[in-house]
Amino acid sequence: MALSRDEMLRGAIEYAAETGLTNFSLRGCAAAIGTSHRMLGYHFGTKNELIDAVVDAVSQRERAVIDAFVADKSVTEMTSEDIDAAFAGLLADEEQLRMVGLLGEATHRLGKCADTTPTYEALVQLWSPHLTALLGLGDLPDERREARVRLAVAVQVGLSMDYVGTRDAQAYISASREWVRLNLGK
């Protein structure tokens with residue numbers, strides 16, 4: 001039975017998480033998920049368009065994780081113990097860490113583009129409402145809120161790159177936890 005577009009995308013995400021974006025190939029992905037490279041091309045276009053779809057899907061998943069985290073408890077009301085518990089859960093979630101690595105690779109790939117400004121600006125705008133909620137920035141004046149969101153995106157990009165380079169989950173989680181604590185004054 002032929003795979004649906006969604007099934008192919010889920011398979012491509014798994015393949016990308018296993019092989020990395022540098023070693024990503026349409027033929028390798030097709031073989032790994034049980035379809036042909038022609039079917040991937042039909043549904044997604046080029047290899048780069050498929051990688052873009054993978055990154056978009058993973059980014060959407062990560063934003064949903066943040067939204068669920070914020071919906072569970074107002075982050076501004078969290079104690080240091082709450083923050084520790086949340087990040088301990090993240091450290092135990094191997095799938096989540098694989099997605100962080102994949103997003104870090106995507107960021108590295110973005111940095112090799114000739115003009116990253118439009119893409120990076122879109123990234124900041126995409127994450128703005130989620131980071132505003134996570135960091136409790138809603139009451140800040142627009143200019144300060146935008147600056148804090150940009151800072152948060154830049155720090156997270158750096159932390160993701162650190163994780164890609166080291167694969168040290170403990171160091172990544174510790175630094176992320178400290179970043180949240182600094183933002184919340186805890």
# chains A, B, ... in the order shown; residues from 1 in each chain; ligands from 1

call {"tool": "residues_around", "arguments": {"residues": "Arg63 in chain A", "least_positions_apart": "6", "cutoff": "9 Å", "atoms": "only C-alpha atoms", "output": "VMD selection string"}}
result
chain A and resid 127 130 to 131

call {"tool": "write_last_selection", "arguments": {"atoms": "N, CA and C atoms", "output": "PDB file, in the first residue's frame"}}
result
ATOM      1  N   TRP A 127       8.380  32.329  16.194  1.00  0.00           N
ATOM      2  CA  TRP A 127       8.525  31.930  17.588  1.00  0.00           C
ATOM      3  C   TRP A 127       8.039  32.994  18.568  1.00  0.00           C
ATOM      4  N   HIS A 130       5.068  32.279  21.026  1.00  0.00           N
ATOM      5  CA  HIS A 130       5.359  31.147  21.907  1.00  0.00           C
ATOM      6  C   HIS A 130       6.368  31.543  22.985  1.00  0.00           C
ATOM      7  N   LEU A 131       7.403  32.277  22.580  1.00  0.00           N
ATOM      8  CA  LEU A 131       8.400  32.728  23.549  1.00  0.00           C
ATOM      9  C   LEU A 131       7.853  33.817  24.458  1.00  0.00           C
TER      10      LEU A 131
END

call {"tool": "closest_residue", "arguments": {"among": "A:Val157, A:Ala32, A:Leu50, A:Val100", "to": "Leu9 in chain A", "atoms": "only C-alpha atoms"}}
result
A:Leu50

call {"tool": "atom_distance", "arguments": {"atom1": "CA of Leu126 in chain A", "atom2": "CA of Met8 in chain A"}}
result
24.6 Å

call {"tool": "residues_around", "arguments": {"residues": "range 35-40 of chain A", "least_positions_apart": "4", "cutoff": "8 Å", "atoms": "only C-alpha atoms", "output": "ChimeraX atom specification"}}
result
/A:2-3,8,26-27,29-31,44-45,50

call {"tool": "write_last_selection", "arguments": {"atoms": "N, CA and C atoms", "output": "mmCIF file, in the first residue's frame"}}
result
data_model
loop_
_atom_site.group_PDB
_atom_site.id
_atom_site.type_symbol
_atom_site.label_atom_id
_atom_site.label_comp_id
_atom_site.auth_asym_id
_atom_site.auth_seq_id
_atom_site.Cartn_x
_atom_site.Cartn_y
_atom_site.Cartn_z
ATOM 1 N N ALA A 2 0.506 2.223 -0.783
ATOM 2 C CA ALA A 2 1.280 3.462 -0.898
ATOM 3 C C ALA A 2 1.155 4.296 0.370
ATOM 4 N N LEU A 3 2.233 4.966 0.712
ATOM 5 C CA LEU A 3 2.236 5.828 1.888
ATOM 6 C C LEU A 3 1.571 7.164 1.563
ATOM 7 N N MET A 8 4.874 9.820 4.737
ATOM 8 C CA MET A 8 6.197 10.056 4.166
ATOM 9 C C MET A 8 6.938 11.130 4.964
ATOM 10 N N LEU A 26 17.459 11.863 -1.071
ATOM 11 C CA LEU A 26 16.110 11.413 -1.429
ATOM 12 C C LEU A 26 16.054 9.901 -1.561
ATOM 13 N N ARG A 27 17.020 9.317 -2.217
ATOM 14 C CA ARG A 27 17.022 7.857 -2.409
ATOM 15 C C ARG A 27 17.165 7.126 -1.075
ATOM 16 N N CYS A 29 16.357 8.281 1.901
ATOM 17 C CA CYS A 29 15.120 8.489 2.652
ATOM 18 C C CYS A 29 14.022 7.576 2.121
ATOM 19 N N ALA A 30 13.890 7.528 0.804
ATOM 20 C CA ALA A 30 12.852 6.688 0.196
ATOM 21 C C ALA A 30 13.036 5.229 0.596
ATOM 22 N N ALA A 31 14.259 4.745 0.524
ATOM 23 C CA ALA A 31 14.532 3.345 0.900
ATOM 24 C C ALA A 31 14.204 3.109 2.370
ATOM 25 N N PHE A 44 6.905 16.345 -2.459
ATOM 26 C CA PHE A 44 7.673 17.399 -1.781
ATOM 27 C C PHE A 44 8.551 18.221 -2.711
ATOM 28 N N GLY A 45 8.754 17.780 -3.944
ATOM 29 C CA GLY A 45 9.626 18.508 -4.858
ATOM 30 C C GLY A 45 11.066 18.048 -4.710
ATOM 31 N N LEU A 50 11.990 18.990 0.572
ATOM 32 C CA LEU A 50 11.636 17.968 1.555
ATOM 33 C C LEU A 50 12.291 18.290 2.900
#

call {"tool": "closest_atom_pairs", "arguments": {"of": "range 49-154 of chain A", "to": "range 14-22 of chain A", "cutoff": "7 Å", "atoms": "only C-alpha atoms", "output": "Markdown table"}}
result
| residue | atom | partner | partner_atom | distance |
| --- | --- | --- | --- | --- |
| A:Arg98 | CA | A:Ala17 | CA | 6.1 |
| A:Met99 | CA | A:Ala17 | CA | 6.9 |
| A:Leu102 | CA | A:Ala17 | CA | 5.9 |
| A:Glu105 | CA | A:Leu21 | CA | 6.6 |

call {"tool": "write_last_selection", "arguments": {"atoms": "N, CA and C atoms", "output": "PDB file, in the first residue's frame"}}
result
ATOM      1  N   ARG A  98      16.429  14.387  20.084  1.00  0.00           N
ATOM      2  CA  ARG A  98      16.718  14.150  18.663  1.00  0.00           C
ATOM      3  C   ARG A  98      16.186  15.297  17.815  1.00  0.00           C
ATOM      4  N   MET A  99      15.012  15.810  18.178  1.00  0.00           N
ATOM      5  CA  MET A  99      14.431  16.916  17.421  1.00  0.00           C
ATOM      6  C   MET A  99      15.220  18.206  17.639  1.00  0.00           C
ATOM      7  N   LEU A 102      18.093  17.969  15.367  1.00  0.00           N
ATOM      8  CA  LEU A 102      17.673  18.199  13.988  1.00  0.00           C
ATOM      9  C   LEU A 102      17.479  19.693  13.723  1.00  0.00           C
ATOM     10  N   GLU A 105      20.862  21.346  13.452  1.00  0.00           N
ATOM     11  CA  GLU A 105      21.448  21.126  12.129  1.00  0.00           C
ATOM     12  C   GLU A 105      20.805  22.033  11.091  1.00  0.00           C
TER      13      GLU A 105
END

call {"tool": "select_by_dssp", "arguments": {"residues": "range 43-158 of chain A", "states": "helix (DSSP H, G or I)", "output": "ChimeraX atom specification"}}
result
/A:43-44,47-72,75-77,80-92,94-111,117-134,142-158

call {"tool": "closest_residue", "arguments": {"among": "A:Met161, A:Leu134, A:Leu151, A:Ala169", "to": "Asp67 in chain A", "atoms": "only C-alpha atoms"}}
result
A:Leu134

call {"tool": "closest_residue", "arguments": {"among": "A:Glu49, A:Asp168, A:Glu94, A:Glu81", "to": "Ser25 in chain A", "atoms": "only C-alpha atoms"}}
result
A:Glu49

call {"tool": "residues_around", "arguments": {"residues": "Arg10 in chain A", "least_positions_apart": "4", "cutoff": "10 Å", "atoms": "only C-alpha atoms", "output": "JSON, numbers by chain"}}
result
{"A": [4, 5, 6, 14, 15, 16, 33, 54, 57, 58]}

call {"tool": "write_last_selection", "arguments": {"atoms": "all heavy atoms", "output": "tab-separated table (two decimals), in the first residue's frame"}}
result
chain	number	residue	atom	x	y	z
A	4	SER	N	0.90	7.73	2.55
A	4	SER	CA	0.32	9.06	2.39
A	4	SER	C	1.44	10.10	2.52
A	4	SER	O	2.54	9.79	3.01
A	4	SER	CB	-0.75	9.32	3.44
A	4	SER	OG	-0.17	9.47	4.72
A	5	ARG	N	1.15	11.33	2.14
A	5	ARG	CA	2.13	12.41	2.27
A	5	ARG	C	2.55	12.57	3.74
A	5	ARG	O	3.73	12.73	4.04
A	5	ARG	CB	1.54	13.72	1.74
A	5	ARG	CG	2.54	14.87	1.75
A	5	ARG	CD	1.90	16.17	1.23
A	5	ARG	NE	2.89	17.20	1.00
A	5	ARG	CZ	3.47	17.93	1.94
A	5	ARG	NH1	3.18	17.73	3.21
A	5	ARG	NH2	4.36	18.85	1.64
A	6	ASP	N	1.58	12.52	4.66
A	6	ASP	CA	1.90	12.65	6.08
A	6	ASP	C	2.79	11.51	6.58
A	6	ASP	O	3.70	11.73	7.37
A	6	ASP	CB	0.62	12.72	6.93
A	6	ASP	CG	-0.11	14.04	6.79
A	6	ASP	OD1	0.49	15.02	6.30
A	6	ASP	OD2	-1.30	14.09	7.17
A	14	GLU	N	12.10	10.98	10.77
A	14	GLU	CA	12.88	9.92	11.43
A	14	GLU	C	14.20	9.69	10.71
A	14	GLU	O	15.25	9.56	11.35
A	14	GLU	CB	12.08	8.62	11.51
A	14	GLU	CG	10.96	8.68	12.52
A	14	GLU	CD	11.48	9.00	13.91
A	14	GLU	OE1	12.46	8.37	14.36
A	14	GLU	OE2	10.90	9.90	14.53
A	15	TYR	N	14.13	9.64	9.39
A	15	TYR	CA	15.35	9.44	8.60
A	15	TYR	C	16.34	10.59	8.83
A	15	TYR	O	17.53	10.36	9.06
A	15	TYR	CB	14.99	9.33	7.10
A	15	TYR	CG	16.19	9.24	6.20
A	15	TYR	CD1	16.91	8.05	6.08
A	15	TYR	CD2	16.59	10.34	5.44
A	15	TYR	CE1	18.02	7.96	5.25
A	15	TYR	CE2	17.70	10.25	4.61
A	15	TYR	CZ	18.40	9.07	4.51
A	15	TYR	OH	19.49	8.98	3.69
A	16	ALA	N	15.84	11.83	8.82
A	16	ALA	CA	16.70	12.99	9.03
A	16	ALA	C	17.31	12.97	10.44
A	16	ALA	O	18.48	13.32	10.62
A	16	ALA	CB	15.91	14.28	8.81
A	33	ILE	N	12.03	4.60	4.27
A	33	ILE	CA	10.60	4.65	4.64
A	33	ILE	C	9.71	3.79	3.76
A	33	ILE	O	8.52	3.71	4.00
A	33	ILE	CB	10.09	6.11	4.67
A	33	ILE	CG1	10.11	6.75	3.29
A	33	ILE	CG2	10.87	6.93	5.67
A	33	ILE	CD1	9.48	8.15	3.26
A	54	VAL	N	10.51	18.94	6.48
A	54	VAL	CA	10.91	18.25	7.72
A	54	VAL	C	11.17	19.27	8.82
A	54	VAL	O	10.67	19.15	9.94
A	54	VAL	CB	12.17	17.38	7.46
A	54	VAL	CG1	12.83	16.95	8.77
A	54	VAL	CG2	11.80	16.15	6.63
A	57	ALA	N	7.96	20.90	10.05
A	57	ALA	CA	7.17	20.00	10.89
A	57	ALA	C	7.78	19.86	12.28
A	57	ALA	O	7.07	19.87	13.29
A	57	ALA	CB	7.04	18.63	10.22
A	58	VAL	N	9.11	19.74	12.34
A	58	VAL	CA	9.77	19.61	13.64
A	58	VAL	C	9.64	20.91	14.43
A	58	VAL	O	9.37	20.89	15.64
A	58	VAL	CB	11.26	19.20	13.46
A	58	VAL	CG1	12.02	19.27	14.78
A	58	VAL	CG2	11.33	17.80	12.88

call {"tool": "residues_around", "arguments": {"residues": "Tyr163 in chain A", "least_positions_apart": "2", "cutoff": "9 Å", "atoms": "only C-alpha atoms", "output": "list in words"}}
result
Leu97, Val100, Gly101, Gly104, Gly158, Leu159, Ser160, Met161, Gly165, Thr166, Arg167, Asp168, Ala169, Ala171 and Tyr172 of chain A

call {"tool": "write_last_selection", "arguments": {"atoms": "C-alpha atoms", "output": "JSON list (two decimals), in the first residue's frame"}}
result
[["chain", "number", "residue", "atom", "x", "y", "z"],
["A", 97, "LEU", "CA", 16.54, 15.65, 22.15],
["A", 100, "VAL", "CA", 16.60, 19.56, 19.11],
["A", 101, "GLY", "CA", 19.57, 18.12, 17.26],
["A", 104, "GLY", "CA", 20.28, 22.67, 15.38],
["A", 158, "GLY", "CA", 23.37, 28.81, 20.03],
["A", 159, "LEU", "CA", 22.34, 26.11, 22.48],
["A", 160, "SER", "CA", 21.02, 23.94, 19.64],
["A", 161, "MET", "CA", 24.31, 24.36, 17.78],
["A", 165, "GLY", "CA", 28.42, 19.81, 18.04],
["A", 166, "THR", "CA", 28.75, 17.91, 21.30],
["A", 167, "ARG", "CA", 25.67, 15.67, 21.62],
["A", 168, "ASP", "CA", 26.05, 16.36, 25.35],
["A", 169, "ALA", "CA", 22.42, 16.27, 26.44],
["A", 171, "ALA", "CA", 25.16, 20.19, 29.17],
["A", 172, "TYR", "CA", 22.43, 21.30, 26.74]]

call {"tool": "decode", "arguments": {"residues": "range 1-13 of chain A", "atoms": "C-alpha atoms", "output": "short mmCIF file (atom, residue, chain, number, x, y, z; two decimals), in the first residue's frame"}}
result
data_model
loop_
_atom_site.label_atom_id
_atom_site.label_comp_id
_atom_site.auth_asym_id
_atom_site.auth_seq_id
_atom_site.Cartn_x
_atom_site.Cartn_y
_atom_site.Cartn_z
CA MET A 1 0.00 0.00 0.00
CA ALA A 2 1.28 3.46 -0.90
CA LEU A 3 2.24 5.83 1.89
CA SER A 4 0.32 9.06 2.39
CA ARG A 5 2.13 12.41 2.27
CA ASP A 6 1.90 12.65 6.08
CA GLU A 7 3.34 9.17 6.51
CA MET A 8 6.20 10.06 4.17
CA LEU A 9 6.86 13.24 6.12
CA ARG A 10 6.93 11.36 9.45
CA GLY A 11 9.32 8.86 7.89
CA ALA A 12 11.50 11.64 6.49
CA ILE A 13 11.69 13.23 9.95
#
